[in-house]
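Heads up, upload.cif below (mmCIF, C-alpha atoms):
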data_my_file
loop_
_atom_site.label_atom_id
_atom_site.label_comp_id
_atom_site.auth_asym_id
_atom_site.auth_seq_id
_atom_site.Cartn_x
_atom_site.Cartn_y
_atom_site.Cartn_z
CA MET C 1 -23.79 25.94 -6.84
CA ALA C 2 -22.67 22.36 -6.71
CA ILE C 3 -19.06 21.50 -6.20
CA SER C 4 -17.60 19.67 -9.18
CA PHE C 5 -14.98 17.31 -7.81
CA ASP C 6 -13.62 16.79 -11.29
CA LYS C 7 -12.84 20.45 -11.67
CA ALA C 8 -11.81 21.01 -8.06
CA LEU C 9 -9.24 18.20 -8.04
CA GLY C 10 -7.74 19.17 -11.36
CA VAL C 11 -5.12 17.04 -12.98
CA HIS C 12 -3.83 15.36 -9.82
CA GLN C 13 -6.44 12.61 -9.72
CA HIS C 14 -5.18 11.39 -13.09
CA THR C 15 -1.48 11.58 -12.25
CA LEU C 16 -2.06 9.49 -9.14
CA GLY C 17 -3.60 6.67 -11.16
CA ILE C 18 -0.81 6.70 -13.71
CA ARG C 19 1.87 6.74 -11.00
CA ALA C 20 0.23 3.77 -9.29
CA GLN C 21 0.19 1.85 -12.54
CA ARG C 22 3.79 2.75 -13.31
CA ALA C 23 4.76 1.49 -9.84
CA GLU C 24 3.16 -1.83 -10.72
CA VAL C 25 5.02 -2.12 -14.02
CA LEU C 26 8.37 -1.27 -12.39
CA ALA C 27 7.70 -3.72 -9.53
CA SER C 28 7.18 -6.54 -12.01
CA ASN C 29 10.42 -5.58 -13.76
CA ILE C 30 12.27 -5.88 -10.44
CA ALA C 31 10.56 -9.15 -9.51
CA ASN C 32 11.51 -10.65 -12.88
CA ALA C 33 15.14 -9.53 -12.74
CA ASP C 34 16.33 -13.16 -13.02
CA THR C 35 13.67 -14.50 -15.36
CA PRO C 36 15.08 -15.60 -18.73
CA GLN C 37 13.55 -13.93 -21.79
CA PHE C 38 11.77 -11.29 -19.70
CA LYS C 39 11.61 -7.87 -21.37
CA ALA C 40 11.48 -4.79 -19.14
CA LYS C 41 8.54 -2.41 -19.63
CA ASP C 42 7.71 1.13 -18.67
CA VAL C 43 4.77 3.53 -18.86
CA ASP C 44 5.08 6.54 -21.13
CA PHE C 45 3.87 9.18 -18.69
CA ALA C 46 3.22 11.95 -21.23
CA LYS C 47 1.16 9.69 -23.45
CA ALA C 48 -0.76 8.22 -20.53
CA MET C 49 -1.48 11.66 -19.13
CA GLN C 50 -2.79 12.86 -22.46
CA GLN C 51 -5.02 9.82 -22.65
CA ALA C 52 -6.33 10.32 -19.11
CA THR C 53 -7.06 14.03 -19.38
CA SER C 54 -8.70 13.83 -22.79
CA ARG C 55 -11.04 11.23 -21.30
CA GLN C 56 -10.46 8.54 -23.84
CA ARG C 57 -11.89 6.09 -21.40
CA GLY C 58 -12.00 3.24 -23.83
CA VAL C 59 -14.82 1.73 -25.81
CA SER C 60 -16.52 -1.53 -24.97
CA LEU C 61 -17.93 -3.52 -27.83
CA GLY C 62 -21.26 -5.19 -27.31
CA GLY C 63 -21.45 -8.91 -28.01
CA THR C 64 -24.27 -10.13 -30.21
CA HIS C 65 -23.39 -13.81 -30.01
CA GLN C 66 -22.65 -16.10 -27.07
CA ASN C 67 -19.22 -16.91 -28.48
CA HIS C 68 -18.12 -13.30 -28.74
CA PHE C 69 -15.28 -12.22 -26.51
CA ALA C 70 -15.94 -9.27 -24.23
CA ILE C 71 -13.36 -6.94 -25.70
CA GLN C 72 -12.66 -3.60 -24.16
CA SER C 73 -10.16 -1.19 -25.55
CA SER C 74 -7.42 -0.06 -23.22
CA LEU C 75 -8.64 1.45 -19.94
CA GLN C 76 -5.13 1.43 -18.62
CA ALA C 77 -2.23 3.58 -19.63
CA GLU C 78 -0.15 2.07 -22.38
CA SER C 79 3.10 0.44 -21.44
CA GLY C 80 5.91 -0.07 -23.88
CA TYR C 81 9.08 -2.12 -23.89
CA ARG C 82 12.22 -0.47 -22.68
CA ILE C 83 15.17 -0.16 -25.05
CA PRO C 84 17.98 -2.10 -23.36
CA ASN C 85 21.35 -0.54 -22.68
CA GLN C 86 23.29 -3.62 -23.64
CA PRO C 87 22.44 -5.75 -26.66
CA ASP C 88 22.45 -9.13 -24.97
CA THR C 89 22.79 -10.31 -21.39
CA GLY C 90 23.03 -13.97 -22.28
CA ASP C 91 19.53 -15.07 -21.29
CA GLY C 92 17.39 -12.53 -23.16
CA ASN C 93 16.52 -10.59 -20.00
CA THR C 94 16.56 -6.81 -20.42
CA VAL C 95 16.10 -5.72 -16.79
CA ASP C 96 18.74 -3.28 -15.59
CA MET C 97 18.40 -3.48 -11.82
CA GLN C 98 20.00 -0.09 -11.05
CA GLN C 99 17.81 1.67 -13.60
CA GLU C 100 14.65 -0.02 -12.32
CA GLN C 101 15.46 0.72 -8.70
CA ALA C 102 16.08 4.39 -9.43
CA ALA C 103 12.91 4.64 -11.53
CA PHE C 104 10.84 2.96 -8.82
CA MET C 105 12.16 5.29 -6.13
CA GLU C 106 11.56 8.34 -8.32
CA ASN C 107 8.06 7.14 -9.11
CA THR C 108 7.28 6.59 -5.42
CA LEU C 109 8.30 10.14 -4.58
CA GLU C 110 6.28 11.52 -7.48
CA TYR C 111 3.29 9.54 -6.29
CA GLN C 112 3.66 11.01 -2.82
CA MET C 113 3.97 14.46 -4.34
CA SER C 114 0.75 14.04 -6.32
CA LEU C 115 -0.88 12.77 -3.15
CA GLY C 116 0.25 15.91 -1.36
CA PHE C 117 -1.26 18.13 -4.05
CA LEU C 118 -4.51 16.19 -3.93
CA GLU C 119 -4.63 16.44 -0.17
CA SER C 120 -4.18 20.19 -0.21
CA LYS C 121 -7.01 20.41 -2.75
CA PHE C 122 -9.23 18.48 -0.34
CA ASN C 123 -8.21 20.70 2.53
CA GLY C 124 -9.17 23.73 0.46
CA LEU C 125 -12.58 22.21 -0.27
CA LYS C 126 -13.10 21.41 3.39
CA LYS C 127 -12.30 24.97 4.38
CA ALA C 128 -14.70 26.28 1.74
CA ILE C 129 -17.48 24.03 3.03
CA ARG C 130 -16.95 24.98 6.68
CA GLY C 131 -16.66 28.64 5.77
CA GLU C 132 -13.47 29.14 7.72
CA MET I 1 -6.40 -0.75 -7.33
CA SER I 2 -3.12 -1.46 -8.98
CA LEU I 3 -1.04 -0.76 -5.87
CA PHE I 4 -2.36 -3.97 -4.31
CA ASN I 5 -0.99 -5.95 -7.25
CA ILE I 6 2.51 -4.87 -6.26
CA PHE I 7 2.28 -7.05 -3.15
CA ASP I 8 1.45 -10.07 -5.30
CA VAL I 9 4.26 -9.33 -7.74
CA ALA I 10 6.91 -8.57 -5.09
CA GLY I 11 5.72 -11.60 -3.08
CA SER I 12 6.12 -13.91 -6.07
CA GLY I 13 9.61 -12.48 -6.61
CA MET I 14 10.50 -13.09 -2.97
CA SER I 15 9.28 -16.68 -3.00
CA ALA I 16 11.12 -17.39 -6.27
CA GLN I 17 14.35 -16.00 -4.83
CA SER I 18 13.92 -18.02 -1.64
CA VAL I 19 13.53 -21.20 -3.72
CA ARG I 20 16.80 -20.25 -5.40
CA LEU I 21 18.41 -19.64 -2.01
CA ASN I 22 17.14 -23.03 -0.81
CA THR I 23 18.61 -24.93 -3.77
CA THR I 24 21.90 -23.07 -3.32
CA ALA I 25 21.97 -24.06 0.35
CA SER I 26 21.37 -27.69 -0.49
CA ASN I 27 24.04 -27.60 -3.23
CA VAL I 28 26.65 -26.13 -0.90
CA ALA I 29 25.68 -28.47 1.93
CA ASN I 30 26.07 -31.49 -0.33
CA ALA I 31 29.21 -30.27 -2.08
CA ASP I 32 31.32 -32.94 -0.38
CA ALA I 33 28.79 -35.76 -0.32
CA VAL I 34 30.85 -38.67 -1.68
CA SER I 35 29.25 -41.80 -3.07
CA SER I 36 30.40 -45.05 -4.57
CA SER I 37 28.10 -45.15 -7.58
CA ILE I 38 27.49 -42.69 -10.41
CA ASN I 39 23.72 -42.91 -10.02
CA GLU I 40 23.60 -42.19 -6.31
CA THR I 41 25.75 -39.08 -6.41
CA TYR I 42 24.17 -35.72 -5.64
CA ARG I 43 23.85 -33.40 -8.63
CA ALA I 44 23.67 -29.60 -8.40
CA ARG I 45 20.09 -28.39 -8.77
CA HIS I 46 18.85 -25.05 -10.02
CA PRO I 47 15.36 -23.54 -10.27
CA VAL I 48 13.92 -22.41 -13.62
CA PHE I 49 12.10 -19.07 -13.55
CA ALA I 50 9.45 -17.89 -15.97
CA ALA I 51 7.24 -14.83 -16.20
CA GLU I 52 3.71 -15.73 -15.25
CA MET I 53 0.82 -14.34 -17.22
CA ALA I 54 -1.45 -13.20 -14.41
CA ASN I 55 -4.60 -13.70 -16.41
CA ALA I 56 -4.52 -14.76 -20.03
CA THR I 57 -7.96 -13.36 -20.86
CA ALA I 58 -7.21 -10.03 -19.21
CA ALA I 59 -3.99 -9.82 -21.19
CA GLN I 60 -5.92 -10.53 -24.36
CA SER I 61 -8.58 -7.89 -23.87
CA LEU I 62 -6.21 -5.19 -22.69
CA GLY I 63 -3.64 -5.99 -25.33
CA GLN I 64 -0.95 -5.84 -22.69
CA GLN I 65 -0.55 -7.00 -19.14
CA SER I 66 1.11 -4.48 -16.89
CA SER I 67 2.12 -6.71 -13.99
CA MET I 68 3.92 -10.00 -14.34
CA LYS I 69 4.51 -12.37 -11.46
CA VAL I 70 7.43 -14.76 -11.33
CA ALA I 71 6.67 -18.46 -11.55
CA VAL I 72 9.08 -21.24 -10.57
CA LYS I 73 8.63 -23.70 -13.42
CA GLY I 74 10.60 -26.43 -11.75
CA ILE I 75 13.97 -27.47 -10.42
CA VAL I 76 16.44 -29.07 -12.80
CA GLU I 77 19.58 -31.05 -12.05
CA SER I 78 22.85 -29.97 -13.60
CA ASP I 79 24.20 -31.99 -16.54
CA ALA I 80 27.81 -31.17 -15.72
CA PRO I 81 29.99 -34.29 -15.40
CA LEU I 82 30.50 -35.68 -11.90
CA ILE I 83 33.97 -35.69 -10.43
CA LYS I 84 35.43 -39.19 -10.55
CA GLU I 85 38.38 -39.67 -8.25
CA TYR I 86 40.69 -42.64 -7.79
CA SER I 87 40.88 -43.28 -4.07
CA PRO I 88 41.17 -46.98 -3.23
CA ASP I 89 41.64 -46.33 0.48
CA HIS I 90 38.35 -44.48 0.79
CA PRO I 91 35.70 -46.58 2.60
CA MET I 92 33.10 -45.57 -0.03
CA SER I 93 35.19 -46.52 -3.06
CA ASP I 94 33.70 -48.97 -5.60
CA ALA I 95 35.22 -52.24 -6.82
CA ASP I 96 37.67 -50.39 -9.09
CA GLY I 97 38.72 -47.98 -6.34
CA PHE I 98 36.82 -44.90 -7.59
CA ILE I 99 34.69 -42.48 -5.61
CA TYR I 100 32.22 -40.00 -7.14
CA LYS I 101 31.85 -36.39 -6.01
CA PRO I 102 28.93 -34.04 -6.83
CA ASN I 103 29.18 -31.59 -9.76
CA VAL I 104 28.67 -28.61 -7.44
CA ASN I 105 30.79 -25.56 -8.21
CA VAL I 106 31.03 -23.78 -4.86
CA MET I 107 32.19 -20.47 -6.42
CA GLU I 108 29.19 -20.38 -8.73
CA GLU I 109 26.91 -21.23 -5.84
CA MET I 110 28.27 -18.41 -3.71
CA ALA I 111 27.76 -15.89 -6.53
CA ASP I 112 24.25 -17.24 -7.04
CA MET I 113 23.55 -16.92 -3.32
CA ILE I 114 24.59 -13.25 -3.23
CA SER I 115 22.55 -12.47 -6.35
CA ALA I 116 19.48 -14.20 -4.87
CA SER I 117 19.70 -12.41 -1.54
CA ARG I 118 20.18 -9.01 -3.21
CA THR I 119 17.14 -9.51 -5.43
CA TYR I 120 15.15 -10.71 -2.42
CA GLN I 121 16.06 -7.50 -0.58
CA MET I 122 15.03 -5.41 -3.59
CA ASN I 123 11.63 -7.09 -3.63
CA THR I 124 11.09 -6.46 0.08
CA GLN I 125 11.96 -2.80 -0.50
CA VAL I 126 9.45 -2.59 -3.33
CA ALA I 127 6.74 -4.12 -1.12
CA ASP I 128 7.65 -1.73 1.68
CA ALA I 129 7.43 1.31 -0.65
CA ALA I 130 4.06 0.11 -1.93
CA LYS I 131 2.87 -0.26 1.65
CA SER I 132 3.78 3.29 2.57
CA MET I 133 2.20 4.61 -0.64
CA LEU I 134 -1.04 2.82 0.20
CA GLN I 135 -1.04 3.98 3.81
CA GLN I 136 -0.59 7.58 2.72
CA THR I 137 -3.43 7.20 0.24
CA LEU I 138 -5.70 5.81 2.94
CA ARG I 139 -4.83 8.66 5.27
CA MET I 140 -5.72 11.25 2.63
CA GLY I 141 -8.36 13.76 3.70
CA LYS I 142 -8.12 12.98 7.41
#

Serialized structure, structure tokens:
Amino acid sequence: MAISFDKALGVHQHTLGIRAQRAEVLASNIANADTPQFKAKDVDFAKAMQQATSRQRGVSLGGTHQNHFAIQSSLQAESGYRIPNQPDTGDGNTVDMQQEQAAFMENTLEYQMSLGFLESKFNGLKKAIRGE
Amino acid sequence: MSLFNIFDVAGSGMSAQSVRLNTTASNVANADAVSSSINETYRARHPVFAAEMANATAAQSLGQQSSMKVAVKGIVESDAPLIKEYSPDHPMSDADGFIYKPNVNVMEEMADMISASRTYQMNTQVADAAKSMLQQTLRMGK
């Protein structure tokens, strides 16, 4: 009986990817805190998770002409614009530093948590292989 | 691996904030630089930030771009009027007895400096968190 890593690792392999991507989105919000006209974004975790687990891995369209663009539908989780707390900050920037910092910290901890789950899954597999 | 992109993004934020800190330092340092002509007087300078599209084609094919670096578009001089002061005894005064002082507002510069250093710190913290996340990922299964 072969070990199916997909089944053994469960949902945690997907959460890890989404958390990593969310960290990237939040990091660019923080980096652009003083950029005029920058709109803060975030990843909808529930939607992204649904997408990842249902294996909608995206479709790539084949090009039949040299001028065709290589278009691939979204491989990454969708990110949407955040609804700002205050209507206008003067320069069109919608980054709320406190909110972003808290979200980033939360996301980091959740990433580490997913990593912990994944690690214990691997430890279980290792024990099964060694027959301990 | 999207975690590696965080270093690029946080790094661009740090360099943008340090440019801002540099211009603030030069504004404050030159706040009292007196001159005898309106054209030679120091003018307050400020950087212009813009969100940088990491890769236009990637953004097109994915519909959206998840990470955005900060680009410093350039440094512009303030259009605020210079301070013209009548001071005939001043060694730098012109033929009519006027000296010209820079249009630097020291209060504004101080506030700008604190804002820049805070944002710089935030970016270093983000890079640090990304580093520990990556290290833990690399250690997984050992």

Minimum-distance residue to chain C, chosen among I:Ser132, I:Ser67, I:Gln121, I:Thr41 (using all atoms listed in the file):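 Answer, going by the shortest atom-to-atom distance: I:Ser67.
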
query = Once the PyMOL selection byres ((chain C) within 10 of (chain I)) has been applied to the shown file, what residues remain in the selection, as a ChimeraX atom specification?
reply = /C:16-39,41-43,69-80,97,101,104-105,108-109,111-112,115-116,118-123,126

note - atom CA of Val34 of chain I and atom CA of Glu109 of chain I are separated by 18.4 Å

Item checked: Computed interatomic separation between atom CA of Ala80 of chain I and atom CA of Ile38 of chain I (Å) ->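 Value for the atom CA of Ala80 of chain I-atom CA of Ile38 of chain I distance: 12.7 Å.
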
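In this structure, atom CA of Asn39 of chain I sits 25.8 Å away from atom CA of Asp112 of chain I.
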
Evaluate the PyMOL selection byres ((chain C and resi 83) around 12) against this structure - the residues, as a list of chain:residue names, please. C:Lys39, C:Ala40, C:Lys41, C:Asp42, C:Gly80, C:Tyr81, C:Arg82, C:Pro84, C:Asn85, C:Gln86, C:Pro87, C:Asp88, C:Asn93, C:Thr94, C:Val95, C:Asp96, C:Gln99

All residues 12 Å or closer to Ala111 of chain I, all atoms listed in the file, same chain fewer than 5 positions away omitted, as a list in words =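 The residues that qualify are Arg20, Leu21, Thr24, Val28, Asn105, Val106, Ala116, Ser117 and Arg118 of chain I.
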
Could those residues be written to a file, using C-alpha atoms, as a PDB file, in the coordinates of the input?
ATOM      1  CA  ARG I  20      16.800 -20.250  -5.400  1.00  0.00           C
ATOM      2  CA  LEU I  21      18.410 -19.640  -2.010  1.00  0.00           C
ATOM      3  CA  THR I  24      21.900 -23.070  -3.320  1.00  0.00           C
ATOM      4  CA  VAL I  28      26.650 -26.130  -0.900  1.00  0.00           C
ATOM      5  CA  ASN I 105      30.790 -25.560  -8.210  1.00  0.00           C
ATOM      6  CA  VAL I 106      31.030 -23.780  -4.860  1.00  0.00           C
ATOM      7  CA  ALA I 116      19.480 -14.200  -4.870  1.00  0.00           C
ATOM      8  CA  SER I 117      19.700 -12.410  -1.540  1.00  0.00           C
ATOM      9  CA  ARG I 118      20.180  -9.010  -3.210  1.00  0.00           C
TER      10      ARG I 118
END
